[in-house]
Every structure is written in C-alpha cells, then in structure tokens.
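For reference, the structure is listed below as structure tokens.
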Amino acid sequence: MFIGNVEIKGFAALAPMAGVADRAFRELCTDFGASYTVTEMVSSKGLEYKSEKTEQLMQISDKERPCGVQLFGNDPKTMALAAEKALEYAPDFIDINMGCPAPKVSGNGCGSALMKNPTLCGEIVKAVSSAVEIPVTVKIRKGWDENSVNAVEVAKICEANGAAAVAVHGRTRSQQYQPPVDWNIIKQVKNAVKIPVIGNGDVISAEDAQRMYEQTGCDFVMIGRGALGNPWIFLQIDSWFENEKQIPNPTIEQRLSVMLRHIKLVCDYKGEEIAIREARKHVGWYLKGFHGASTFRKRACSLKTFAELESLVAEVYRQYLC
C-alpha cells in the first residue's frame, strides 16, 4: 500500500491511542512488525499556544518509521498552521483525527464531532493538505450515532479535498468501544473511494486480520486495543500472511520480559517517575488472562520505582514458574 508517495510494507499498523501510543510503545510495536505508526493526538490549539508538552508528543525516532503525526482541532486555519509546525519533527504524513469519542475532545467540536459537519471536514482536509507537501490521512468513525451514519459521505468529501488515505473505525461515537464493530461500513467506504482504506476495530488476532481483509476488501488493517500488552500481535500477523504459520501466544516469561523492556524505554524518554505511573496500566494489560493477575494489578498501583517493578515481576515469576 502507498499513502501518497510513502510505501507501506507488511500487513498491520499501530493505531494512534492517546495515553498509550507514545514513542516507546510505537518503537516497540515497530520492532515486532507494525508496518507504520501514528502519534498520540496533538492539539492544534496547543501548538498555536506553543505548549511544550504538546510539542513533545510529536517527537519521532527513525526506529518507528513510517510514522505520522495526528492532529485534532476544528478550525481549518489553525489545523493548517499546526501541520506546518509538525513538519519540524519530520513526520512521514499528517493524520487528522475525526474519530475520537472522548467527551473532552468531541465535546469541544473536535474528533468524532466533526462528522456532524461533513463540509467542515472537507475544509479542514483541504487546508491541511494545501499547507504541507507530505501526504494527509484521516481517521473517522462510522458516524456520530446510529441516526447519522455518514462514514461514506465523509470519506468521499475527504478524498475530494486531498486526503491520501482514510482509516475507518466501524463504530459510531455514541457506541464508544463496546458493541461489536461494524465491518460492513468499512466495506462500504472501500467501495466508495479510490484512495486506500484502512480498517480498524476488533482485530485481536491474525485470524481477525485475515477476516477483516476478506470481509471488507480494505487495503490495510489498523490495530489499537488489540496491541495493548500485546505488541507481538504484529509478528503473529506477519507470520500468518507471509508463512501461513501461527505463532503461539507468548509465555508469561516473554510477556514480563517485554513489559520490562517497554517500561525501561518509557523511563529513558520520560523519566522514571512518569514511566512508573504509566507502568501501572501496562502491568494489567501484559498480565491479562493469567490467574491471580488482579492481585498484581492492585500492587502495581503503588509502584514508585523501576526497581520496585522488577521486584514485582520477580514475584510473578515465582508464582507462575515455581
């Protein structure tokens, strides 16, 4: 697949996820085979006001490419200026968020709320694509709610205004992440536009990825929550499609080893205090499905240092391996 002039190899990409898809996790997933990555949401207004924290979200390393910077906002001019600012961090493409369901985003007319105004969607895409020479992609949802399913309309408008690709999450904003995803809407979008369509939602295994390709005809698959505590899903998908081999799920030793590697990377990039705070949620994801994991998740909530995390991991080893 090509996003504009950017060649994308492999079979699955890492979705942008606020509070999760930071530089450390993107690098980790790329190492396991993610075909491309997208940063956490970056506020166009935050860039306008020169927020240091906002700008830090755009830092990209060569280890995670191809990588796009994802912007959110509802003003075409501000979004265009933000895209120009993002170029300082050398992204391979700019992604526009039109799918975030979070109240603090959609409640301000951004993210998935943009789908209530298809004309504005087109204006934003046109402004951003006119402001930068790199490709511009868009991430949308099925619609705002079941009474306003308009993914096809919005995708066509985005394409007409310069979008190089569109990613479709098959749920409405009102559905959040709970009901089964509607892959048929992804198929409808694929049949309606000529640009690449990336399918997103409910892919948690290599078999799911194959079914999404077959049922929707999408050009690529994007994985979000299926990668939480599970970065090797990309390796499993690559093996499934390249060698027709199924790689077994990782052992507890492998899970814990990767988790420590992951959090060590966060320590390197954000400092130990922030990293250990973030480690608390990652412990839960990496131990998901193991008997007695709830006890360790609770203990993780009081972690303060990387050494304490290593001690907790040692206890998990003893419980499961002795």
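We name chains A, B, ... following the order of the structure tokens; residues begin at 1 in each chain, and ligands are numbered from 1 as shown.
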**Prompt:** Looking only at the backbone, which of the residues in segment 96-191 of chain A does DSSP tag as helix (DSSP H, G or I), as a PyMOL selection string?
**Reply:** chain A and resi 103-106+111-116+118-131+151-160+183-191
**Request:** Using only C-alpha atoms, determine which residues lie at most 8 Å from Asn184 of chain A, disregarding the query and same-chain residues fewer than 4 positions distant; provide the list as a list of chain:residue names.
**Result:** A:Gly170, A:Gln188, A:Gln215, A:Thr216
Take the selection from the previous step and output its residues with C-alpha atoms, as a CSV table (one decimal), in the first residue's frame.
```
chain,number,residue,atom,x,y,z
A,170,GLY,CA,-16.6,0.7,12.5
A,188,GLN,CA,-18.9,0.5,2.0
A,215,GLN,CA,-14.9,-9.3,4.5
A,216,THR,CA,-14.2,-5.6,3.9
```
**Prompt:** For Ala155 of chain A, which residue out of A:Ala90, A:Ala167, A:Met58, A:Ala18 is the nearest one, using only C-alpha atoms?
**Reply:** A:Ala167
**Request:** Find the residues around segment 124-127 of chain A up to 8 Å (only C-alpha atoms counted), leave out those fewer than 5 positions away in its own chain, and share them as a ChimeraX atom specification.
**Result:** /A:74-77,79-80,96,136,158,161-163
**Asked** In terms of the shortest atom-to-atom distance over only C-alpha atoms, which of A:Phe11, A:Ser311, A:Phe241, A:Arg173 is closest to Pro103 of chain A?
**Response** A:Arg173
